[in-house]
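The data block below is data.txt; it holds compact mmCIF, N, CA and C atoms.
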# COMPACT_ATOMS: atom_id res chain seq x y z
N HIS A 16 167.29 35.30 109.90
CA HIS A 16 166.01 35.28 109.26
C HIS A 16 164.99 36.06 110.11
N ASP A 17 165.09 35.91 111.38
CA ASP A 17 164.17 36.58 112.28
C ASP A 17 164.38 38.10 112.22
N LEU A 18 165.60 38.50 112.04
CA LEU A 18 165.92 39.91 111.93
C LEU A 18 165.34 40.50 110.65
N LYS A 19 165.40 39.73 109.62
CA LYS A 19 164.85 40.17 108.34
C LYS A 19 163.33 40.38 108.45
N LYS A 20 162.72 39.44 109.18
CA LYS A 20 161.28 39.52 109.35
C LYS A 20 160.92 40.77 110.14
N ARG A 21 161.71 41.06 111.15
CA ARG A 21 161.44 42.23 111.96
C ARG A 21 161.63 43.51 111.16
N ASN A 22 162.67 43.56 110.38
CA ASN A 22 162.92 44.74 109.55
C ASN A 22 161.80 44.93 108.53
N SER A 23 161.35 43.85 107.92
CA SER A 23 160.27 43.99 106.94
C SER A 23 158.96 44.36 107.62
N THR A 24 158.73 43.84 108.83
CA THR A 24 157.54 44.19 109.57
C THR A 24 157.62 45.64 110.01
N ALA A 25 158.80 46.07 110.43
CA ALA A 25 159.00 47.45 110.85
C ALA A 25 158.80 48.39 109.67
N THR A 26 159.32 48.01 108.51
CA THR A 26 159.14 48.87 107.34
C THR A 26 157.68 48.89 106.92
N LEU A 27 156.99 47.77 107.05
CA LEU A 27 155.55 47.76 106.72
C LEU A 27 154.78 48.62 107.70
N ASP A 28 155.11 48.51 108.96
CA ASP A 28 154.44 49.34 109.96
C ASP A 28 154.74 50.82 109.72
N GLN A 29 155.97 51.10 109.35
CA GLN A 29 156.36 52.48 109.08
C GLN A 29 155.64 53.00 107.84
N GLN A 30 155.49 52.17 106.84
CA GLN A 30 154.78 52.58 105.62
C GLN A 30 153.30 52.82 105.92
N LYS A 31 152.75 51.91 106.76
CA LYS A 31 151.34 52.09 107.15
C LYS A 31 151.17 53.37 107.93
N ARG A 32 152.12 53.63 108.87
CA ARG A 32 152.05 54.84 109.66
C ARG A 32 152.17 56.08 108.78
N GLU A 33 153.07 56.07 107.83
CA GLU A 33 153.24 57.19 106.91
C GLU A 33 151.97 57.39 106.08
N LEU A 34 151.43 56.27 105.62
CA LEU A 34 150.18 56.36 104.84
C LEU A 34 149.06 56.91 105.72
N TYR A 35 148.97 56.41 106.96
CA TYR A 35 147.96 56.88 107.89
C TYR A 35 148.16 58.37 108.18
N ASP A 36 149.38 58.79 108.42
CA ASP A 36 149.68 60.20 108.69
C ASP A 36 149.34 61.07 107.48
N SER A 37 149.64 60.55 106.29
CA SER A 37 149.32 61.29 105.06
C SER A 37 147.80 61.45 104.90
N GLN A 38 147.08 60.35 105.15
CA GLN A 38 145.62 60.40 105.05
C GLN A 38 145.04 61.32 106.12
N GLU A 39 145.60 61.25 107.33
CA GLU A 39 145.14 62.11 108.42
C GLU A 39 145.33 63.58 108.08
N ALA A 40 146.47 63.93 107.53
CA ALA A 40 146.75 65.32 107.13
C ALA A 40 145.78 65.76 106.04
N HIS A 41 145.53 64.84 105.08
CA HIS A 41 144.59 65.16 103.99
C HIS A 41 143.18 65.37 104.54
N LEU A 42 142.75 64.51 105.50
CA LEU A 42 141.42 64.65 106.09
C LEU A 42 141.30 65.93 106.92
N LYS A 43 142.36 66.31 107.62
CA LYS A 43 142.34 67.58 108.36
C LYS A 43 142.20 68.77 107.42
N ALA A 44 142.90 68.72 106.29
CA ALA A 44 142.80 69.81 105.30
C ALA A 44 141.39 69.86 104.73
N LEU A 45 140.81 68.68 104.43
CA LEU A 45 139.43 68.64 103.94
C LEU A 45 138.45 69.16 104.98
N SER A 46 138.68 68.82 106.25
CA SER A 46 137.81 69.29 107.32
C SER A 46 137.86 70.81 107.43
N LEU A 47 139.06 71.39 107.33
CA LEU A 47 139.19 72.85 107.36
C LEU A 47 138.47 73.48 106.17
N ASP A 48 138.63 72.87 105.00
CA ASP A 48 137.96 73.39 103.80
C ASP A 48 136.44 73.28 103.95
N MET A 49 135.96 72.16 104.53
CA MET A 49 134.51 71.98 104.72
C MET A 49 133.98 73.01 105.71
N ASN A 50 134.73 73.28 106.78
CA ASN A 50 134.31 74.30 107.74
C ASN A 50 134.24 75.68 107.08
N GLU A 51 135.23 75.96 106.24
CA GLU A 51 135.23 77.25 105.53
C GLU A 51 134.03 77.34 104.58
N LEU A 52 133.75 76.24 103.86
CA LEU A 52 132.59 76.22 102.96
C LEU A 52 131.28 76.37 103.74
N HIS A 53 131.19 75.74 104.92
CA HIS A 53 130.01 75.87 105.75
C HIS A 53 129.81 77.32 106.18
N SER A 54 130.90 77.97 106.61
CA SER A 54 130.82 79.38 107.01
C SER A 54 130.38 80.25 105.84
N MET A 55 130.90 79.96 104.64
CA MET A 55 130.49 80.72 103.44
C MET A 55 129.01 80.49 103.15
N GLY A 56 128.55 79.25 103.29
CA GLY A 56 127.14 78.95 103.06
C GLY A 56 126.24 79.69 104.02
N VAL A 57 126.62 79.75 105.31
CA VAL A 57 125.84 80.48 106.30
C VAL A 57 125.81 81.97 105.96
N ALA A 58 126.97 82.52 105.54
CA ALA A 58 127.04 83.94 105.17
C ALA A 58 126.15 84.22 103.96
N ILE A 59 126.18 83.33 102.97
CA ILE A 59 125.34 83.50 101.78
C ILE A 59 123.86 83.42 102.16
N GLU A 60 123.51 82.49 103.05
CA GLU A 60 122.11 82.37 103.50
C GLU A 60 121.64 83.66 104.17
N CYS A 61 122.48 84.22 105.04
CA CYS A 61 122.12 85.48 105.71
C CYS A 61 121.95 86.61 104.70
N ALA A 62 122.86 86.67 103.73
CA ALA A 62 122.77 87.72 102.70
C ALA A 62 121.50 87.56 101.87
N LEU A 63 121.17 86.31 101.52
CA LEU A 63 119.94 86.06 100.74
C LEU A 63 118.69 86.39 101.53
N ASP A 64 118.68 86.06 102.83
CA ASP A 64 117.54 86.42 103.67
C ASP A 64 117.35 87.93 103.73
N THR A 65 118.45 88.66 103.89
CA THR A 65 118.38 90.12 103.93
C THR A 65 117.86 90.68 102.61
N GLN A 66 118.38 90.14 101.50
CA GLN A 66 117.92 90.60 100.18
C GLN A 66 116.46 90.26 99.96
N ASN A 67 116.01 89.08 100.43
CA ASN A 67 114.61 88.70 100.29
C ASN A 67 113.71 89.66 101.05
N GLU A 68 114.11 90.04 102.27
CA GLU A 68 113.33 91.00 103.05
C GLU A 68 113.27 92.34 102.33
N GLN A 69 114.40 92.77 101.77
CA GLN A 69 114.42 94.05 101.05
C GLN A 69 113.52 93.99 99.82
N LEU A 70 113.54 92.86 99.10
CA LEU A 70 112.68 92.72 97.92
C LEU A 70 111.21 92.73 98.30
N CYS A 71 110.85 92.06 99.41
CA CYS A 71 109.46 92.09 99.88
C CYS A 71 109.04 93.50 100.24
N SER A 72 109.93 94.23 100.92
CA SER A 72 109.64 95.61 101.30
C SER A 72 109.45 96.48 100.05
N LEU A 73 110.34 96.31 99.07
CA LEU A 73 110.22 97.08 97.82
C LEU A 73 108.93 96.73 97.08
N SER A 74 108.56 95.46 97.09
CA SER A 74 107.33 95.03 96.42
C SER A 74 106.11 95.67 97.09
N ASN A 75 106.09 95.66 98.42
CA ASN A 75 104.97 96.28 99.14
C ASN A 75 104.91 97.78 98.88
N GLN A 76 106.05 98.42 98.85
CA GLN A 76 106.09 99.86 98.57
C GLN A 76 105.62 100.15 97.15
N ALA A 77 106.00 99.28 96.20
CA ALA A 77 105.56 99.47 94.81
C ALA A 77 104.05 99.32 94.69
N ILE A 78 103.48 98.35 95.41
CA ILE A 78 102.03 98.16 95.38
C ILE A 78 101.33 99.37 95.98
N GLU A 79 101.87 99.87 97.11
CA GLU A 79 101.29 101.04 97.75
C GLU A 79 101.35 102.27 96.84
N LEU A 80 102.51 102.46 96.19
CA LEU A 80 102.64 103.59 95.26
C LEU A 80 101.70 103.45 94.07
N SER A 81 101.51 102.24 93.60
CA SER A 81 100.59 102.01 92.49
C SER A 81 99.17 102.38 92.89
N GLU A 82 98.76 101.99 94.09
CA GLU A 82 97.42 102.34 94.58
C GLU A 82 97.27 103.86 94.74
N GLN A 83 98.31 104.51 95.28
CA GLN A 83 98.25 105.97 95.41
C GLN A 83 98.19 106.64 94.04
N HIS A 84 98.93 106.09 93.09
CA HIS A 84 98.92 106.64 91.72
C HIS A 84 97.53 106.51 91.11
N LYS A 85 96.89 105.36 91.29
CA LYS A 85 95.53 105.17 90.78
C LYS A 85 94.57 106.15 91.41
N MET A 86 94.70 106.37 92.74
CA MET A 86 93.82 107.29 93.44
C MET A 86 94.01 108.72 92.93
N VAL A 87 95.26 109.12 92.76
CA VAL A 87 95.53 110.48 92.26
C VAL A 87 95.02 110.63 90.84
N THR A 88 95.18 109.60 90.01
CA THR A 88 94.69 109.64 88.64
C THR A 88 93.17 109.79 88.62
N ARG A 89 92.48 109.00 89.48
CA ARG A 89 91.01 109.11 89.55
C ARG A 89 90.59 110.51 89.96
N ARG A 90 91.27 111.06 90.98
CA ARG A 90 90.92 112.42 91.43
C ARG A 90 91.16 113.44 90.33
N ALA A 91 92.28 113.31 89.63
CA ALA A 91 92.58 114.25 88.55
C ALA A 91 91.56 114.13 87.43
N GLU A 92 91.16 112.89 87.12
CA GLU A 92 90.14 112.71 86.07
C GLU A 92 88.82 113.33 86.50
N ARG A 93 88.46 113.17 87.80
CA ARG A 93 87.23 113.78 88.28
C ARG A 93 87.30 115.30 88.20
N LEU A 94 88.47 115.87 88.58
CA LEU A 94 88.62 117.33 88.49
C LEU A 94 88.51 117.81 87.05
N CYS A 95 89.17 117.09 86.15
CA CYS A 95 89.10 117.47 84.73
C CYS A 95 87.68 117.36 84.22
N GLN A 96 87.01 116.28 84.61
CA GLN A 96 85.64 116.07 84.14
C GLN A 96 84.73 117.15 84.70
N ASP A 97 84.92 117.51 85.98
CA ASP A 97 84.11 118.57 86.57
C ASP A 97 84.35 119.90 85.87
N LYS A 98 85.58 120.18 85.49
CA LYS A 98 85.87 121.44 84.81
C LYS A 98 85.32 121.44 83.39
N ILE A 99 85.34 120.27 82.76
CA ILE A 99 84.79 120.17 81.40
C ILE A 99 83.28 120.34 81.44
N ASN A 100 82.63 119.70 82.41
CA ASN A 100 81.17 119.76 82.53
C ASN A 100 80.74 120.84 83.51
N TRP A 101 81.48 121.91 83.60
CA TRP A 101 81.19 122.94 84.58
C TRP A 101 79.83 123.58 84.34
N THR A 102 79.48 123.85 83.10
CA THR A 102 78.18 124.46 82.82
C THR A 102 77.15 123.34 82.74
N ARG A 103 76.18 123.42 83.61
CA ARG A 103 75.14 122.40 83.63
C ARG A 103 74.11 122.68 82.56
N THR A 104 73.61 121.62 82.01
CA THR A 104 72.57 121.79 80.99
C THR A 104 71.26 122.13 81.68
N LYS A 105 70.53 123.02 81.07
CA LYS A 105 69.25 123.41 81.65
C LYS A 105 68.20 122.36 81.28
N PRO A 106 67.36 122.02 82.24
CA PRO A 106 66.31 121.04 81.93
C PRO A 106 65.28 121.65 80.99
N THR A 107 64.75 120.84 80.12
CA THR A 107 63.70 121.30 79.20
C THR A 107 62.42 120.51 79.48
N ARG A 108 61.31 121.24 79.44
CA ARG A 108 60.03 120.61 79.71
C ARG A 108 59.55 119.92 78.44
N ILE A 109 59.24 118.64 78.58
CA ILE A 109 58.81 117.88 77.42
C ILE A 109 57.29 117.96 77.24
N LYS A 110 56.55 117.63 78.34
CA LYS A 110 55.10 117.71 78.23
C LYS A 110 54.47 117.74 79.61
N CYS A 111 53.17 118.03 79.61
CA CYS A 111 52.37 118.08 80.82
C CYS A 111 51.75 116.69 81.03
N VAL A 112 51.73 116.22 82.29
CA VAL A 112 51.21 114.87 82.55
C VAL A 112 50.23 114.88 83.70
N LYS A 113 49.34 113.87 83.70
CA LYS A 113 48.43 113.61 84.81
C LYS A 113 48.97 112.41 85.56
N ILE A 114 48.81 112.44 86.88
CA ILE A 114 49.19 111.28 87.68
C ILE A 114 47.88 110.67 88.18
N ARG A 115 47.61 109.44 87.71
CA ARG A 115 46.31 108.81 88.00
C ARG A 115 46.54 107.43 88.61
N HIS A 116 45.75 107.12 89.64
CA HIS A 116 45.76 105.79 90.23
C HIS A 116 44.88 104.91 89.37
N VAL A 117 45.43 103.83 88.87
CA VAL A 117 44.75 103.02 87.86
C VAL A 117 43.49 102.38 88.43
N PHE A 118 43.56 101.80 89.63
CA PHE A 118 42.40 101.06 90.15
C PHE A 118 41.26 101.96 90.59
N SER A 119 41.57 103.09 91.21
CA SER A 119 40.50 103.97 91.70
C SER A 119 40.14 105.06 90.70
N ASN A 120 40.91 105.27 89.69
CA ASN A 120 40.68 106.30 88.67
C ASN A 120 40.72 107.70 89.29
N LYS A 121 41.44 107.87 90.39
CA LYS A 121 41.59 109.19 91.01
C LYS A 121 42.90 109.79 90.54
N CYS A 122 42.87 111.13 90.41
CA CYS A 122 44.04 111.83 89.89
C CYS A 122 44.61 112.77 90.95
N LEU A 123 45.89 112.98 90.89
CA LEU A 123 46.57 113.90 91.77
C LEU A 123 46.52 115.28 91.12
N ASN A 124 46.14 116.28 91.93
CA ASN A 124 45.97 117.62 91.39
C ASN A 124 46.57 118.62 92.36
N VAL A 125 46.92 119.81 91.86
CA VAL A 125 47.47 120.88 92.68
C VAL A 125 46.44 121.98 92.76
N VAL A 126 46.14 122.42 94.00
CA VAL A 126 45.20 123.52 94.18
C VAL A 126 45.93 124.80 93.79
N GLU A 127 45.27 125.61 92.97
CA GLU A 127 45.90 126.79 92.35
C GLU A 127 46.54 127.74 93.35
N LYS A 128 45.81 128.22 94.33
CA LYS A 128 46.30 129.30 95.18
C LYS A 128 47.25 128.80 96.27
N SER A 129 47.02 127.62 96.83
CA SER A 129 47.83 127.17 97.97
C SER A 129 48.94 126.20 97.57
N ASN A 130 48.89 125.72 96.36
CA ASN A 130 49.86 124.74 95.86
C ASN A 130 49.89 123.45 96.69
N HIS A 131 48.71 123.09 97.26
CA HIS A 131 48.58 121.82 97.98
C HIS A 131 48.17 120.74 97.00
N LEU A 132 48.56 119.51 97.32
CA LEU A 132 48.15 118.39 96.49
C LEU A 132 46.79 117.89 96.94
N THR A 133 45.94 117.60 95.97
CA THR A 133 44.63 117.01 96.27
C THR A 133 44.40 115.82 95.35
N ILE A 134 43.53 114.95 95.79
CA ILE A 134 43.16 113.81 94.96
C ILE A 134 41.72 114.02 94.53
N THR A 135 41.51 113.99 93.24
CA THR A 135 40.16 114.21 92.71
C THR A 135 39.75 113.00 91.89
N HIS A 136 38.44 112.77 91.87
CA HIS A 136 37.91 111.64 91.12
C HIS A 136 37.48 112.12 89.73
N HIS A 137 37.90 111.43 88.72
CA HIS A 137 37.53 111.77 87.35
C HIS A 137 36.91 110.54 86.72
N ASP A 138 35.69 110.71 86.19
CA ASP A 138 35.02 109.59 85.53
C ASP A 138 35.65 109.29 84.19
N SER A 139 35.97 110.32 83.49
CA SER A 139 36.59 110.12 82.18
C SER A 139 38.02 110.61 82.26
N PHE A 140 38.89 109.82 81.79
CA PHE A 140 40.31 110.19 81.82
C PHE A 140 40.69 110.64 80.42
N ASP A 141 40.99 111.94 80.29
CA ASP A 141 41.37 112.47 78.98
C ASP A 141 42.82 112.13 78.70
N SER A 142 43.07 111.78 77.51
CA SER A 142 44.46 111.59 77.13
C SER A 142 45.09 112.94 76.87
N ASP A 143 44.24 113.93 76.64
CA ASP A 143 44.72 115.28 76.38
C ASP A 143 44.79 116.02 77.71
N VAL A 144 45.97 116.41 78.14
CA VAL A 144 46.14 117.09 79.42
C VAL A 144 46.51 118.53 79.13
N THR A 145 45.85 119.43 79.84
CA THR A 145 46.16 120.85 79.64
C THR A 145 46.99 121.34 80.83
N GLU A 146 47.82 122.32 80.57
CA GLU A 146 48.67 122.86 81.62
C GLU A 146 47.86 123.54 82.71
N ALA A 147 46.70 124.07 82.38
CA ALA A 147 45.90 124.79 83.36
C ALA A 147 45.31 123.84 84.39
N SER A 148 44.96 122.62 83.99
CA SER A 148 44.29 121.73 84.93
C SER A 148 45.27 120.93 85.80
N TYR A 149 46.40 120.54 85.27
CA TYR A 149 47.36 119.74 86.03
C TYR A 149 48.77 120.32 85.86
N LYS A 150 49.48 120.48 86.98
CA LYS A 150 50.79 121.12 86.91
C LYS A 150 51.92 120.12 87.14
N PHE A 151 51.84 118.99 86.51
CA PHE A 151 52.94 118.02 86.57
C PHE A 151 53.55 117.95 85.19
N TYR A 152 54.84 118.14 85.14
CA TYR A 152 55.52 118.19 83.86
C TYR A 152 56.61 117.12 83.81
N LEU A 153 56.85 116.63 82.64
CA LEU A 153 57.93 115.70 82.39
C LEU A 153 59.10 116.51 81.86
N TRP A 154 60.24 116.42 82.58
CA TRP A 154 61.41 117.22 82.25
C TRP A 154 62.52 116.32 81.72
N LYS A 155 63.35 116.92 80.89
CA LYS A 155 64.50 116.21 80.34
C LYS A 155 65.75 117.04 80.61
N ARG A 156 66.82 116.36 81.02
CA ARG A 156 68.10 117.06 81.25
C ARG A 156 69.04 116.73 80.14

Spit out the file's structure as structure tokens when you get a sec.
Amino acid sequence: HDLKKRNSTATLDQQKRELYDSQEAHLKALSLDMNELHSMGVAIECALDTQNEQLCSLSNQAIELSEQHKMVTRRAERLCQDKINWTRTKPTRIKCVKIRHVFSNKCLNVVEKSNHLTITHHDSFDSDVTEASYKFYLWKR
């Protein structure tokens, strides 16, 4: 009876050992697979970081090119506008005017021969201004 007990205990121990060895082999295989997956994850992270840097660089270059394009477009539009408006319009004289200080009733006048400005006092302010008396003109372009 004692021998039977030993044999059954030995077979149980052997079964446990086989089960343990089987589980150990399975865990080692899983550990190798996990290490391989970790290495793949690190490689993917490095590749994504590199691609992110390249995308940022491309984005900055695109913004810079867009700004340069806008600047060139503005310059071209200015050149075209300058060529279109190359002939300047001549100013036209609308009317002759007096320049008068409201509080003192003094008027600005030009001396005929020297073309110096003088201030003269006028008691009556005519609404009718003649070209001979005052040489200030209102011009339109």

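Atom N of His136 of chain A is positioned 10.2 Å from atom C of Arg115 of chain A.
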
What is the distance, in Å and to one decimal place, between atom C of Ile109 of chain A and atom C of Phe151 of chain A? 8.8 Å

Which of these residues is nearest to Pro106 of chain A, using only C-alpha atoms: A:Ile78, A:Val87, A:Ala25, A:Leu153? A:Leu153

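Relative to atom CA of Lys113 of chain A, atom CA of His131 of chain A is found at 15.5 Å.
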
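Nearest residue to Cys122 of chain A, choosing from A:Ile134, A:Leu52, A:Cys61, A:Ala44 and counting only C-alpha atoms: A:Ile134.
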